[in-house]
Amino acid sequence: MLINKITTGFVVQQFDTDKGKYVSQEFVAGNLVEYEDKSGNAVDSSLMQSEDGTKPYLPFDMQQPQHKRSLDELLDAVSVMAPGLWENDAGPNDWYAVCSDDGIIAYFQHQSAAYRFRLDYINGLLNPMK
C-alpha cells in the first residue's frame with residue numbers, strides 16, 4: 001500500500017537584493033500531519049511503524065539555488081599554497097596544496113602540476129560535464 005504523508009508548513013526563501021536573486025530556501029514543518037492512501041482516504045499512521053515502534057523519517061531538504069561563479073570569483077576561491085604555508089597533519093610534507101573554499105582538495109610535489117590542476121579544476125566548475 002502506498003501512503004501519502006502530508007505535512008503542513010511553509011517555505012522561507014531568502015532573496016539577496018545586492019545579487020538580485022534567491023540564495024537559499026528551506027521548508028519549515030508545522031505540527032499538522034495527515035496520512036492518506038493514493039485515493040485520498042485517511043489512513044492510520046501506525047501502518048508506517050516498524051516492529052520497534054519507530055516511524056521512518058525523510059528530511060524536508062529542498063534543492064538550493066545554484067550560484068554560477070565567474071572565472072574571476074573561482075580564480076580568487078581556488079589557490080595554490082606553497083609548502084610550509086598550509087597546515088594539515090594528514091598531508092604530505094613539502095608539497096604544494098590546492099585549496100578551495102572547502103579546504104585543501106589536492107597535493108602536488110611540483111608547483112607546475114599544482115597550477116595545472118587548479119586551472120583544470122576551475123575549468124571543470126565552469127564547464128560541467130552533463
# chains A, B, ... in the order shown; residues from 1 in each chain; ligands from 1
>>> residues_around(residues="A:Ile122", least_positions_apart="3", cutoff="8 Å", atoms="only C-alpha atoms", output="list of chain:residue names")
A:Leu71, A:Leu74, A:Leu75, A:Val78, A:Arg118, A:Leu119, A:Leu125, A:Leu126
>>> atom_distance(atom1="atom CA of A:Asn4", atom2="atom CA of A:Lys38")
6.9 Å
>>> closest_residue(among="A:Glu51, A:Asp44, A:Asp37, A:Asp102", to="A:Ser79", atoms="only C-alpha atoms")
A:Asp102
>>> select_by_dssp(residues="chain A", states="alpha helix (DSSP H)", output="JSON, numbers by chain")
{"A": [71, 72, 73, 74, 75, 76, 77, 111, 112, 113, 114, 115, 116, 117, 118, 119, 120, 121, 122, 123, 124, 125, 126]}
>>> atom_distance(atom1="atom CA of A:Gly20", atom2="atom CA of A:Glu73")
17.2 Å
>>> select_by_dssp(residues="stretch 10-88 of chain A", states="strand (DSSP E or B)", output="ChimeraX atom specification")
/A:10-16,21-37,42,79-81
>>> write_last_selection(atoms="C-alpha atoms", output="PDB file, in the first residue's frame")
ATOM      1  CA  PHE A  10       5.681  26.963   4.990  1.00  0.00           C
ATOM      2  CA  VAL A  11       8.674  27.756   2.823  1.00  0.00           C
ATOM      3  CA  VAL A  12      11.179  30.503   3.678  1.00  0.00           C
ATOM      4  CA  GLN A  13      13.038  31.776   0.601  1.00  0.00           C
ATOM      5  CA  GLN A  14      15.918  34.219   1.088  1.00  0.00           C
ATOM      6  CA  PHE A  15      16.476  36.890  -1.601  1.00  0.00           C
ATOM      7  CA  ASP A  16      19.736  38.858  -1.832  1.00  0.00           C
ATOM      8  CA  LYS A  21      18.495  36.624  -6.869  1.00  0.00           C
ATOM      9  CA  TYR A  22      17.367  33.985  -4.386  1.00  0.00           C
ATOM     10  CA  VAL A  23      20.234  32.459  -2.415  1.00  0.00           C
ATOM     11  CA  SER A  24      18.525  29.839  -0.217  1.00  0.00           C
ATOM     12  CA  GLN A  25      15.270  28.230   0.781  1.00  0.00           C
ATOM     13  CA  GLU A  26      14.011  25.919   3.492  1.00  0.00           C
ATOM     14  CA  PHE A  27      10.789  24.186   4.435  1.00  0.00           C
ATOM     15  CA  VAL A  28       9.616  24.752   7.994  1.00  0.00           C
ATOM     16  CA  ALA A  29       7.242  21.962   9.019  1.00  0.00           C
ATOM     17  CA  GLY A  30       4.192  22.672  11.126  1.00  0.00           C
ATOM     18  CA  ASN A  31       2.585  20.315  13.621  1.00  0.00           C
ATOM     19  CA  LEU A  32      -0.270  19.169  11.384  1.00  0.00           C
ATOM     20  CA  VAL A  33       0.467  15.889   9.601  1.00  0.00           C
ATOM     21  CA  GLU A  34      -2.108  13.771   7.763  1.00  0.00           C
ATOM     22  CA  TYR A  35      -1.785  10.321   6.211  1.00  0.00           C
ATOM     23  CA  GLU A  36      -3.842   9.107   3.281  1.00  0.00           C
ATOM     24  CA  ASP A  37      -3.866   6.439   0.613  1.00  0.00           C
ATOM     25  CA  ALA A  42      -7.382   8.854   5.581  1.00  0.00           C
ATOM     26  CA  SER A  79      44.531  28.825  -4.937  1.00  0.00           C
ATOM     27  CA  VAL A  80      47.889  27.071  -4.708  1.00  0.00           C
ATOM     28  CA  MET A  81      49.749  27.231  -1.423  1.00  0.00           C
TER      29      MET A  81
END
>>> closest_residue(among="A:Asp18, A:Val43, A:His110, A:Asn123", to="A:Ile3", atoms="only C-alpha atoms")
A:Val43
>>> atom_distance(atom1="atom CA of A:Ala82", atom2="atom CA of A:Trp95")
7.1 Å
>>> closest_residue(among="A:Gln111, A:Asn41, A:Ile104, A:Asn127", to="A:Ser70", atoms="only C-alpha atoms")
A:Asn127
>>> residues_around(residues="A:Gln109", least_positions_apart="2", cutoff="8 Å", atoms="only C-alpha atoms", output="compact mmCIF listing (two decimals) with C-alpha atoms, in the first residue's frame")
# COMPACT_ATOMS: atom_id res chain seq x y z
CA ASP A 94 56.99 19.80 1.42
CA TRP A 95 54.19 19.52 -1.17
CA TYR A 96 52.06 22.21 -2.81
CA TYR A 107 48.52 17.93 -3.09
CA GLN A 111 54.40 23.68 -8.39
CA ALA A 113 51.42 20.38 -11.58
CA ALA A 114 49.52 22.18 -8.81
